[in-house]
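Here is the file data_22.txt (compact mmCIF, C-alpha atoms).
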# COMPACT_ATOMS: atom_id res chain seq x y z
CA SER A 1 18.57 9.41 -91.16
CA PRO A 2 18.49 12.57 -89.02
CA GLN A 3 22.22 13.08 -89.50
CA CYS A 4 24.22 14.91 -92.13
CA SER A 5 26.45 12.58 -94.16
CA PRO A 6 24.36 9.39 -93.72
CA ASN A 7 21.24 11.08 -94.99
CA ARG A 8 23.03 12.78 -97.88
CA SER A 9 24.35 9.38 -98.92
CA ALA A 10 20.74 8.15 -99.03
CA ILE A 11 19.79 11.08 -101.27
CA PHE A 12 22.61 10.39 -103.72
CA SER A 13 22.42 6.58 -103.71
CA GLY A 14 18.72 5.87 -103.27
CA CYS A 15 19.67 3.36 -100.55
CA THR A 16 19.48 3.38 -96.76
CA PRO A 17 22.81 4.23 -95.08
CA HIS A 18 23.21 0.88 -93.36
CA THR A 19 22.89 -0.89 -96.71
CA ILE A 20 25.86 0.88 -98.29
CA GLY A 21 28.00 1.26 -95.15
CA THR A 22 27.52 4.99 -94.58
CA SER A 23 25.52 4.90 -91.36
CA ARG A 24 28.16 6.69 -89.26
CA LEU A 25 28.64 10.44 -89.42
CA HIS A 26 31.60 11.52 -91.62
CA THR A 27 31.67 8.20 -93.54
CA PRO A 28 32.36 9.00 -97.23
CA MET A 29 30.40 7.52 -100.10
CA PRO A 30 32.08 4.19 -100.96
CA PRO A 31 33.80 4.52 -104.36
CA TRP A 32 32.16 1.33 -105.62
CA GLU A 33 28.60 2.62 -105.07
CA THR A 34 26.76 4.01 -108.09
CA THR A 35 25.12 7.34 -107.35
CA VAL A 36 22.49 9.36 -109.15
CA THR A 37 25.18 11.81 -110.29
CA ASP A 38 27.18 8.93 -111.79
CA LEU A 39 24.19 7.74 -113.79
CA LEU A 40 23.19 11.22 -114.95
CA LYS A 41 26.76 11.93 -116.04
CA GLN A 42 26.85 8.66 -118.00
CA HIS A 43 23.74 9.83 -119.86
CA GLY A 44 25.17 13.18 -120.90
CA TYR A 45 24.31 15.39 -117.93
CA PHE A 46 26.71 18.04 -116.66
CA THR A 47 26.87 17.44 -112.90
CA GLY A 48 27.71 20.07 -110.32
CA LEU A 49 27.54 20.79 -106.63
CA PHE A 50 28.05 23.86 -104.46
CA ARG A 51 29.47 23.72 -100.94
CA LYS A 52 28.44 20.92 -98.62
CA HIS A 53 28.03 17.31 -99.69
CA HIS A 54 29.84 15.40 -96.89
CA GLN A 55 30.47 12.43 -99.21
CA GLY A 56 34.26 12.50 -99.44
CA GLN A 57 36.84 13.49 -102.02
CA VAL A 58 36.27 10.53 -104.38
CA PHE A 59 32.61 11.46 -104.75
CA GLN A 60 33.50 15.11 -105.35
CA ASN A 61 36.15 14.27 -107.95
CA LYS A 62 33.63 12.42 -110.11
CA LEU A 63 31.53 15.56 -110.57
CA ASP A 64 32.01 17.90 -113.53
CA PHE A 65 31.96 20.93 -111.25
CA TYR A 66 32.43 21.69 -107.58
CA GLY A 67 32.07 25.13 -106.03
CA PRO A 68 33.51 25.54 -102.53
CA PRO A 69 32.16 28.21 -100.14
CA LYS A 70 32.19 31.78 -101.49
CA THR A 71 32.19 30.53 -105.11
CA PRO A 72 29.59 32.61 -107.00
CA PHE A 73 26.68 30.70 -108.48
CA ARG A 74 27.46 32.06 -111.93
CA ALA A 75 30.66 29.95 -111.95
CA PHE A 76 28.52 26.87 -112.65
CA VAL A 77 26.40 28.31 -115.44
CA ASP A 78 29.48 29.91 -117.02
CA ARG A 79 31.01 26.43 -117.37
CA LEU A 80 27.81 24.64 -118.38
CA PRO A 81 28.04 23.40 -121.99
CA LYS A 82 25.20 24.77 -124.10
CA ASP A 83 24.29 21.38 -125.53
CA LYS A 84 24.03 19.49 -122.22
CA PRO A 85 21.31 19.11 -119.59
CA PHE A 86 22.49 19.58 -116.03
CA PHE A 87 22.15 18.39 -112.45
CA LEU A 88 23.11 20.85 -109.72
CA GLN A 89 22.91 20.60 -105.96
CA PHE A 90 23.29 23.64 -103.73
CA GLY A 91 24.43 22.18 -100.39
CA SER A 92 24.06 25.07 -97.98
CA THR A 93 25.35 24.78 -94.42
CA ASP A 94 22.39 26.91 -93.23
CA PRO A 95 20.68 26.48 -90.83
CA HIS A 96 23.41 24.31 -89.28
CA ARG A 97 24.87 25.41 -85.97
CA PRO A 98 26.63 27.30 -84.46
CA TYR A 99 24.44 30.41 -84.57
CA ARG A 100 25.76 33.93 -84.25
CA PRO A 101 24.03 37.32 -84.43
CA GLY A 102 24.16 39.18 -87.73
CA ALA A 103 23.17 36.46 -90.21
CA ILE A 104 20.64 38.82 -91.80
CA ALA A 105 20.09 42.57 -91.74
CA GLU A 106 16.70 42.39 -90.01
CA PRO A 107 16.87 39.61 -87.40
CA HIS A 108 13.77 37.88 -86.09
CA ASP A 109 12.16 38.97 -82.84
CA PRO A 110 12.60 36.31 -80.11
CA ALA A 111 9.26 37.36 -78.63
CA LYS A 112 7.55 36.09 -81.80
CA ALA A 113 9.36 32.75 -81.86
CA ILE A 114 7.18 29.64 -81.72
CA VAL A 115 8.50 27.43 -78.92
CA PRO A 116 7.54 23.76 -79.40
CA PRO A 117 6.27 22.01 -76.25
CA TYR A 118 9.31 19.73 -76.03
CA LEU A 119 11.49 22.81 -75.31
CA PRO A 120 11.20 25.10 -72.28
CA ASP A 121 9.94 28.62 -72.97
CA THR A 122 12.92 30.66 -71.75
CA PRO A 123 14.54 33.82 -73.15
CA GLU A 124 17.59 31.75 -74.14
CA VAL A 125 15.50 29.23 -76.08
CA ARG A 126 13.53 31.99 -77.78
CA GLN A 127 16.73 33.72 -78.89
CA ASP A 128 18.08 30.38 -80.12
CA ILE A 129 14.97 29.82 -82.23
CA ALA A 130 15.10 33.38 -83.56
CA HIS A 131 18.67 32.79 -84.74
CA TYR A 132 17.45 29.55 -86.37
CA TYR A 133 14.88 31.61 -88.29
CA ASP A 134 17.63 34.03 -89.33
CA TYR A 135 19.73 31.27 -90.84
CA ILE A 136 16.72 29.79 -92.66
CA THR A 137 16.04 33.24 -94.10
CA ARG A 138 19.61 33.53 -95.34
CA PHE A 139 19.30 30.13 -97.03
CA ASP A 140 16.01 31.19 -98.61
CA ALA A 141 17.64 34.33 -100.02
CA GLU A 142 20.46 32.32 -101.59
CA CYS A 143 17.95 29.95 -103.16
CA GLY A 144 16.26 32.97 -104.70
CA GLU A 145 19.59 34.24 -105.99
CA LEU A 146 20.34 30.91 -107.66
CA LEU A 147 16.88 30.58 -109.21
CA GLN A 148 17.04 34.12 -110.55
CA LEU A 149 20.39 33.40 -112.18
CA LEU A 150 18.97 30.28 -113.87
CA ARG A 151 15.97 32.29 -115.02
CA GLU A 152 18.16 35.01 -116.53
CA ARG A 153 20.21 32.40 -118.40
CA GLY A 154 17.07 30.71 -119.75
CA LEU A 155 17.73 27.51 -117.80
CA LEU A 156 14.80 27.46 -115.38
CA GLU A 157 11.86 26.77 -117.68
CA ASN A 158 12.74 23.09 -118.15
CA THR A 159 14.30 22.42 -114.76
CA LEU A 160 12.85 20.38 -111.90
CA VAL A 161 13.68 22.10 -108.61
CA ILE A 162 13.45 20.31 -105.26
CA VAL A 163 14.25 21.92 -101.92
CA THR A 164 14.73 19.76 -98.84
CA GLY A 165 16.95 19.37 -95.77
CA ASP A 166 19.30 16.63 -94.63
CA ASN A 167 17.90 16.38 -91.08
CA GLY A 168 15.30 18.01 -88.86
CA GLN A 169 15.44 21.02 -86.59
CA PRO A 170 18.86 21.43 -84.90
CA PHE A 171 17.43 21.41 -81.39
CA PRO A 172 17.30 18.88 -78.53
CA ARG A 173 14.77 16.07 -79.10
CA ALA A 174 14.81 16.91 -82.81
CA LYS A 175 17.99 16.53 -84.88
CA GLY A 176 19.60 13.15 -84.26
CA THR A 177 16.35 11.60 -83.00
CA LEU A 178 13.63 9.62 -84.76
CA TYR A 179 10.84 11.80 -83.42
CA ASP A 180 9.09 13.82 -86.13
CA PRO A 181 11.08 17.04 -85.47
CA GLY A 182 14.20 15.02 -86.31
CA ILE A 183 13.01 13.23 -89.45
CA ARG A 184 10.35 15.52 -90.87
CA VAL A 185 12.02 18.01 -93.21
CA PRO A 186 10.95 20.54 -95.85
CA GLY A 187 9.85 19.18 -99.19
CA ILE A 188 9.17 21.72 -101.93
CA ALA A 189 9.10 20.96 -105.66
CA TRP A 190 8.76 23.31 -108.64
CA TRP A 191 8.64 22.47 -112.34
CA GLN A 192 7.12 24.97 -114.71
CA GLY A 193 4.15 23.54 -116.60
CA ARG A 194 4.52 20.13 -114.93
CA ILE A 195 3.70 20.70 -111.26
CA ALA A 196 0.45 22.50 -110.42
CA PRO A 197 1.27 25.75 -108.59
CA GLY A 198 0.19 25.77 -104.96
CA SER A 199 -0.59 22.06 -104.83
CA VAL A 200 -0.02 20.26 -101.52
CA SER A 201 0.36 16.55 -100.79
CA LYS A 202 0.33 14.59 -97.54
CA GLU A 203 1.91 11.50 -99.11
CA LEU A 204 4.78 9.89 -97.23
CA ILE A 205 8.09 10.52 -99.01
CA SER A 206 11.53 9.22 -98.06
CA HIS A 207 14.85 10.75 -99.09
CA VAL A 208 15.78 7.46 -100.79
CA ASP A 209 12.95 8.33 -103.20
CA LEU A 210 14.73 11.39 -104.60
CA ALA A 211 17.30 9.59 -106.76
CA PRO A 212 14.70 7.35 -108.50
CA THR A 213 12.52 10.41 -109.09
CA TRP A 214 15.35 12.34 -110.73
CA LEU A 215 16.27 9.35 -112.89
CA GLU A 216 12.71 8.81 -114.07
CA ALA A 217 12.39 12.52 -114.88
CA ALA A 218 15.55 12.17 -117.02
CA GLY A 219 14.25 9.04 -118.74
CA ILE A 220 16.94 6.82 -117.21
CA THR A 221 16.31 3.28 -115.98
CA ILE A 222 16.28 3.05 -112.18
CA PRO A 223 18.82 0.46 -110.92
CA GLU A 224 17.37 -2.52 -109.06
CA LYS A 225 19.59 -1.81 -106.05
CA MET A 226 17.91 1.52 -105.35
CA GLN A 227 15.47 1.02 -102.50
CA GLY A 228 13.51 4.22 -103.07
CA GLN A 229 10.51 4.63 -105.33
CA SER A 230 9.92 7.46 -107.76
CA PHE A 231 7.21 9.97 -106.89
CA LEU A 232 7.35 11.70 -110.29
CA ASN A 233 3.69 10.86 -110.98
CA LEU A 234 2.70 12.46 -107.69
CA LEU A 235 4.50 15.66 -108.70
CA THR A 236 2.94 15.79 -112.14
CA GLY A 237 -0.60 14.89 -111.05
CA LYS A 238 -0.72 11.39 -112.49
CA PRO A 239 -1.94 8.23 -110.69
CA HIS A 240 0.57 7.41 -107.95
CA LYS A 241 0.75 4.48 -105.56
CA GLY A 242 2.04 6.03 -102.37
CA ARG A 243 4.08 4.52 -99.59
CA GLU A 244 2.51 2.64 -96.71
CA ALA A 245 5.39 3.66 -94.50
CA VAL A 246 8.71 5.49 -94.28
CA TYR A 247 11.67 4.21 -92.28
CA SER A 248 14.44 5.96 -90.38
CA GLU A 249 17.68 5.06 -88.66
CA ARG A 250 20.10 6.70 -86.26
CA ASN A 251 23.54 5.29 -85.58
CA TRP A 252 26.82 7.02 -84.64
CA HIS A 253 26.68 10.81 -84.45
CA ASP A 254 29.24 11.98 -81.89
CA ASN A 255 27.95 9.03 -79.84
CA PHE A 256 26.55 5.60 -80.69
CA ASP A 257 22.79 5.37 -80.34
CA PRO A 258 21.34 2.70 -82.66
CA GLN A 259 17.67 3.35 -83.33
CA ARG A 260 15.18 2.37 -86.01
CA SER A 261 11.66 3.57 -86.73
CA VAL A 262 8.71 3.02 -89.01
CA ARG A 263 6.19 5.79 -89.57
CA THR A 264 2.84 5.36 -91.28
CA ALA A 265 0.25 8.05 -91.89
CA ARG A 266 -1.00 7.93 -88.29
CA TYR A 267 1.40 5.87 -86.18
CA LYS A 268 5.09 5.53 -85.41
CA LEU A 269 7.12 2.74 -83.82
CA ILE A 270 10.64 3.48 -82.53
CA LEU A 271 13.15 0.77 -81.58
CA ASN A 272 15.84 1.86 -79.10
CA ALA A 273 18.45 -0.88 -79.40
CA ASP A 274 20.53 0.60 -76.56
CA ALA A 275 17.64 1.45 -74.26
CA ASN A 276 19.71 1.33 -71.08
CA THR A 277 21.31 4.61 -72.15
CA GLY A 278 19.45 7.91 -72.01
CA TYR A 279 19.27 10.67 -74.58
CA ARG A 280 22.61 12.10 -75.61
CA PRO A 281 22.63 15.15 -77.90
CA ALA A 282 25.07 15.61 -80.74
CA TRP A 283 27.94 18.00 -80.00
CA ASP A 284 26.43 20.99 -81.77
CA LEU A 285 23.23 20.58 -79.76
CA ALA A 286 25.14 20.00 -76.53
CA ASP A 287 26.72 23.44 -77.00
CA SER A 288 23.41 25.17 -77.69
CA PRO A 289 21.59 27.63 -75.42
CA SER A 290 18.51 25.41 -75.65
CA TRP A 291 20.29 22.40 -74.14
CA ALA A 292 21.79 24.61 -71.43
CA SER A 293 18.28 25.80 -70.53
CA ILE A 294 16.98 22.24 -70.36
CA GLN A 295 19.79 21.18 -68.06
CA ALA A 296 19.46 24.24 -65.80
CA LEU A 297 15.69 23.89 -65.43
CA GLY A 298 16.01 20.14 -64.98
CA ARG A 299 18.21 20.66 -61.94
CA ARG A 300 15.66 23.04 -60.43
CA GLY A 301 12.58 21.01 -61.32
CA GLY A 302 11.41 23.63 -63.80
CA LEU A 303 10.58 21.33 -66.72
CA THR A 304 7.22 19.82 -67.53
CA GLU A 305 6.87 16.08 -67.06
CA ALA A 306 7.13 15.52 -70.82
CA GLN A 307 10.17 17.79 -71.15
CA SER A 308 11.98 16.15 -68.24
CA ARG A 309 12.00 12.70 -69.88
CA ILE A 310 14.89 13.83 -72.06
CA LEU A 311 17.08 13.78 -68.93
CA GLU A 312 16.13 10.28 -67.77
CA PRO A 313 19.00 7.74 -67.63
CA SER A 314 17.24 5.15 -69.82
CA ARG A 315 14.47 4.79 -72.38
CA PRO A 316 11.84 2.22 -73.32
CA ALA A 317 13.07 -0.42 -75.74
CA LEU A 318 10.00 0.28 -77.86
CA GLU A 319 8.01 3.48 -78.27
CA PHE A 320 4.69 3.68 -80.12
CA TYR A 321 2.81 6.88 -80.86
CA ASP A 322 -0.60 7.79 -82.23
CA LEU A 323 0.45 10.90 -84.14
CA GLU A 324 -3.11 12.03 -84.70
CA ARG A 325 -3.87 12.23 -80.98
CA ASP A 326 -0.31 12.81 -79.78
CA PRO A 327 1.56 14.80 -82.47
CA HIS A 328 4.46 15.68 -80.14
CA GLU A 329 5.10 12.02 -79.25
CA PHE A 330 4.83 12.40 -75.49
CA ASP A 331 2.51 9.46 -74.67
CA ASN A 332 4.14 6.09 -75.32
CA ALA A 333 1.18 3.87 -76.24
CA ILE A 334 3.14 0.61 -76.62
CA ASN A 335 1.03 -1.13 -73.94
CA ARG A 336 -2.40 0.16 -74.96
CA PRO A 337 -4.67 -2.90 -75.48
CA GLU A 338 -6.72 -1.12 -78.15
CA LEU A 339 -3.56 -0.53 -80.22
CA ARG A 340 -2.22 -4.07 -79.96
CA GLU A 341 -2.89 -4.91 -83.62
CA GLU A 342 -1.33 -1.66 -84.84
CA VAL A 343 1.76 -2.29 -82.70
CA LEU A 344 2.14 -5.76 -84.20
CA ARG A 345 1.62 -4.42 -87.73
CA HIS A 346 4.32 -1.81 -87.27
CA ARG A 347 6.73 -4.26 -85.67
CA LYS A 348 6.31 -6.50 -88.70
CA LEU A 349 6.82 -3.59 -91.11
CA LEU A 350 10.00 -2.55 -89.33
CA SER A 351 11.33 -6.10 -89.08
CA ASN A 352 10.72 -6.78 -92.77
CA TRP A 353 12.43 -3.54 -93.77
CA MET A 354 15.47 -4.34 -91.66
CA HIS A 355 15.78 -7.77 -93.28
CA GLU A 356 15.18 -6.49 -96.82
CA THR A 357 17.79 -3.73 -96.48
CA TYR A 358 20.45 -5.93 -94.83
CA ASP A 359 20.20 -4.29 -91.44
CA TYR A 360 21.28 -5.86 -88.17
CA LEU A 361 19.40 -6.56 -84.94
CA PRO A 362 21.40 -7.19 -81.75
CA PRO A 363 21.03 -10.90 -80.88
CA LEU A 364 20.08 -10.27 -77.24
CA PHE A 365 17.35 -7.90 -78.31
CA ARG A 366 16.09 -10.43 -80.84
CA GLN A 367 15.61 -12.89 -77.99
CA ALA A 368 13.74 -10.27 -75.99
CA ILE A 369 11.30 -9.86 -78.87
CA ALA A 370 10.85 -13.61 -79.13
CA ASP A 371 10.05 -13.78 -75.41
CA ASP A 372 7.69 -10.80 -75.55
CA PRO A 373 6.33 -10.45 -79.12
CA THR A 374 3.88 -7.65 -78.29
CA GLY A 375 6.23 -5.59 -76.19
CA SER A 376 3.63 -5.64 -73.41
CA ARG A 377 6.20 -6.28 -70.69
CA GLY A 378 8.46 -3.51 -71.96
CA LEU A 379 11.56 -5.72 -72.03
CA THR A 380 14.77 -3.75 -72.21
CA PRO A 381 17.82 -5.32 -73.88
CA PRO A 382 21.22 -5.26 -72.21
CA ALA A 383 23.49 -2.43 -73.31
CA LEU A 384 25.47 -3.20 -76.47
Rendering of file as structure tokens:
Amino acid sequence: SPQCSPNRSAIFSGCTPHTIGTSRLHTPMPPWETTVTDLLKQHGYFTGLFRKHHQGQVFQNKLDFYGPPKTPFRAFVDRLPKDKPFFLQFGSTDPHRPYRPGAIAEPHDPAKAIVPPYLPDTPEVRQDIAHYYDYITRFDAECGELLQLLRERGLLENTLVIVTGDNGQPFPRAKGTLYDPGIRVPGIAWWQGRIAPGSVSKELISHVDLAPTWLEAAGITIPEKMQGQSFLNLLTGKPHKGREAVYSERNWHDNFDPQRSVRTARYKLILNADANTGYRPAWDLADSPSWASIQALGRRGGLTEAQSRILEPSRPALEFYDLERDPHEFDNAINRPELREEVLRHRKLLSNWMHETYDYLPPLFRQAIADDPTGSRGLTPPAL
């Protein structure tokens, strides 16, 4: 889920947000849900977390350690019992907005910023991206500080380290959307002697897969309720049956925009359940220089055709993209005759996932699908 608290709940629970009732932003982890930190703690692990978790006070109180902002990393290792293994999450707020100058001593040059084609190439956008780089750099430095501390205390040699993000790039048409810039996030793993240095994988991984992976690494039985699948074998170079697809959802994030998607290695299908409403950015994006540039150029006709679609008052009910030929998801191929079978395959994958994970489908939209099973007429459901 390309949103903060819903996606973090998926990481901790191994379940999709709509399954456990955390699909809306700011919804805390329900106290009756069993999380990976609960299970690790039950098996003797010392559990800790720094800064952001967005899961509520009950979740935080069940941890052995919590370090609010400005707490030094050594506070955790100073309290760590010598005879216990540990689980620690560093929940940085970087590179979350708002951005301000001065995040790092040597800021990035806006002239060297890489502007993706879905954003206009303006000085304001370039400066916005440069600030984004600055905040990523500050996060990277803090990760290095934490890893060095663990190394000095002799705790790093037998520790699995995973670095990821809770949602995609905090820019329009990225964060809060189901396009790849919204759901594709960093995935870096390190485990001395277990993971081959420099190895790279193109396997599809979902954030619901993290909790099962951690549990398997700890030798703990994975609960049946967890919907993710462990990728421990992939990390350690053993035979691994990868995913056919990964699934994403977007619900309430400053506004209600129910969407679902299925992404396979080459294709993606997006369902816009409220297609009569156009794109609406989250508040932090609405206040960004990049969104201001899009709006200003849109009024003057200065956007490309692909960029201008973000300002249209409605969207297709279904979007389908060939990511190999169209990596930026500009060309909706839902009506392409040669892709008919792939469209049907992905509709079935998405439908089955929604049923298996106890998701909902608006009744009026369900009827539209029944009337037009291929999506060839581009039926749009009434607004919810």
Find the residues with any atom within 7 Å of (20.0, 3.9, -102.8); use all atoms listed in the file and the coordinates as given in the file, and write the answer as a PDB file with C-alpha atoms, in the frame of the given file.
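Final output, saved to result.pdb:
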ATOM      1  CA  ALA A  10      20.740   8.150 -99.030  1.00  0.00           C
ATOM      2  CA  SER A  13      22.420   6.580-103.710  1.00  0.00           C
ATOM      3  CA  GLY A  14      18.720   5.870-103.270  1.00  0.00           C
ATOM      4  CA  CYS A  15      19.670   3.360-100.550  1.00  0.00           C
ATOM      5  CA  THR A  16      19.480   3.380 -96.760  1.00  0.00           C
ATOM      6  CA  VAL A 208      15.780   7.460-100.790  1.00  0.00           C
ATOM      7  CA  LYS A 225      19.590  -1.810-106.050  1.00  0.00           C
ATOM      8  CA  MET A 226      17.910   1.520-105.350  1.00  0.00           C
ATOM      9  CA  GLN A 227      15.470   1.020-102.500  1.00  0.00           C
ATOM     10  CA  GLY A 228      13.510   4.220-103.070  1.00  0.00           C
TER      11      GLY A 228
END
_Shortest interatomic distance to Asn352 in chain A - which of A:Asn167, A:Ser199, A:Tyr247, A:Thr213, counting only C-alpha atoms_ =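 Counting only C-alpha atoms, the residue closest to Asn352 in chain A is A:Tyr247.
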*asked:* Report, in Å with one decimal, the straight-line distance from CA of Pro69 in chain A to CA of Thr47 in chain A.
replied: 17.5 Å
_Exercise: Arg309 in chain A partners within 10 Å, all atoms listed in the file, chain neighbours under 4 positions left out, as a list of chain:residue names_ =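 Listed by chain and then number, they are A:Tyr118, A:Gly278, A:Tyr279, A:Gly298, A:Leu303, A:Thr304, A:Glu305, A:Pro313, A:Ser314, A:Arg315, A:Phe330.
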*asked:* Just checking: using only C-alpha atoms, which residue out of A:Leu63, A:Leu146, A:Leu178, A:Ala103 ends up closest to Asp134 in chain A?
replied: A:Ala103
*Distance criterion (all atoms listed in the file): nearest to Leu344 in chain A out of A:Trp190, A:Phe320, A:Tyr99, A:Trp32*: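 Among the listed residues, the smallest separation from Leu344 in chain A belongs to A:Phe320.
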*What is the CA of Ala273 in chain A-CA of Ala317 in chain A distance in Å, reported with one decimal?*
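It comes out at 6.5 Å.
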*Figure out the distance between CA of Pro172 in chain A and CA of Ala282 in chain A, please, to one decimal in Å.*
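A separation of 8.7 Å between them.
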Starting from the incomplete input, reconstruct N, CA, C and O atoms of range 244-263 of chain A and write that as a compact mmCIF listing (two decimals), keeping the file's coordinate frame.
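The resulting file, result_12.txt, is shown below:
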# COMPACT_ATOMS: atom_id res chain seq x y z
N GLU A 244 3.21 2.97 -97.95
CA GLU A 244 2.51 2.64 -96.71
C GLU A 244 3.26 3.20 -95.51
O GLU A 244 2.66 3.59 -94.52
N ALA A 245 4.58 3.26 -95.64
CA ALA A 245 5.39 3.66 -94.50
C ALA A 245 6.72 4.24 -94.98
O ALA A 245 7.17 3.98 -96.09
N VAL A 246 7.34 5.05 -94.10
CA VAL A 246 8.71 5.49 -94.28
C VAL A 246 9.52 5.02 -93.08
O VAL A 246 9.00 4.86 -91.98
N TYR A 247 10.82 4.80 -93.30
CA TYR A 247 11.67 4.21 -92.28
C TYR A 247 12.85 5.13 -92.00
O TYR A 247 13.32 5.85 -92.88
N SER A 248 13.32 5.09 -90.78
CA SER A 248 14.44 5.96 -90.38
C SER A 248 15.41 5.19 -89.51
O SER A 248 15.05 4.20 -88.87
N GLU A 249 16.65 5.68 -89.48
CA GLU A 249 17.68 5.06 -88.66
C GLU A 249 18.59 6.13 -88.08
O GLU A 249 18.81 7.17 -88.68
N ARG A 250 19.12 5.84 -86.91
CA ARG A 250 20.10 6.70 -86.26
C ARG A 250 21.19 5.78 -85.73
O ARG A 250 20.90 4.75 -85.11
N ASN A 251 22.43 6.15 -85.97
CA ASN A 251 23.54 5.29 -85.58
C ASN A 251 24.58 6.13 -84.81
O ASN A 251 24.27 6.65 -83.77
N TRP A 252 25.80 6.25 -85.33
CA TRP A 252 26.82 7.02 -84.64
C TRP A 252 26.79 8.46 -85.12
O TRP A 252 26.92 8.75 -86.31
N HIS A 253 26.61 9.38 -84.17
CA HIS A 253 26.68 10.81 -84.45
C HIS A 253 27.23 11.48 -83.19
O HIS A 253 26.47 11.90 -82.32
N ASP A 254 28.53 11.51 -83.08
CA ASP A 254 29.24 11.98 -81.89
C ASP A 254 29.09 11.00 -80.72
O ASP A 254 29.84 11.06 -79.75
N ASN A 255 28.13 10.13 -80.80
CA ASN A 255 27.95 9.03 -79.84
C ASN A 255 27.15 7.94 -80.55
O ASN A 255 26.49 8.20 -81.56
N PHE A 256 27.22 6.72 -80.03
CA PHE A 256 26.55 5.60 -80.69
C PHE A 256 25.19 5.38 -80.05
O PHE A 256 25.09 5.11 -78.85
N ASP A 257 24.15 5.52 -80.84
CA ASP A 257 22.79 5.37 -80.34
C ASP A 257 21.94 4.70 -81.42
O ASP A 257 21.20 5.36 -82.14
N PRO A 258 22.05 3.39 -81.58
CA PRO A 258 21.34 2.70 -82.66
C PRO A 258 19.83 2.69 -82.43
O PRO A 258 19.34 2.18 -81.43
N GLN A 259 19.12 3.28 -83.37
CA GLN A 259 17.67 3.35 -83.33
C GLN A 259 17.10 3.07 -84.72
O GLN A 259 17.75 3.34 -85.73
N ARG A 260 15.90 2.56 -84.75
CA ARG A 260 15.18 2.37 -86.01
C ARG A 260 13.73 2.78 -85.79
O ARG A 260 13.20 2.66 -84.69
N SER A 261 13.07 3.22 -86.86
CA SER A 261 11.66 3.57 -86.73
C SER A 261 10.91 3.29 -88.02
O SER A 261 11.50 3.27 -89.11
N VAL A 262 9.62 3.09 -87.87
CA VAL A 262 8.71 3.02 -89.01
C VAL A 262 7.58 4.00 -88.72
O VAL A 262 7.02 4.02 -87.61
N ARG A 263 7.26 4.81 -89.71
CA ARG A 263 6.19 5.79 -89.57
C ARG A 263 5.18 5.59 -90.68
O ARG A 263 5.54 5.60 -91.87
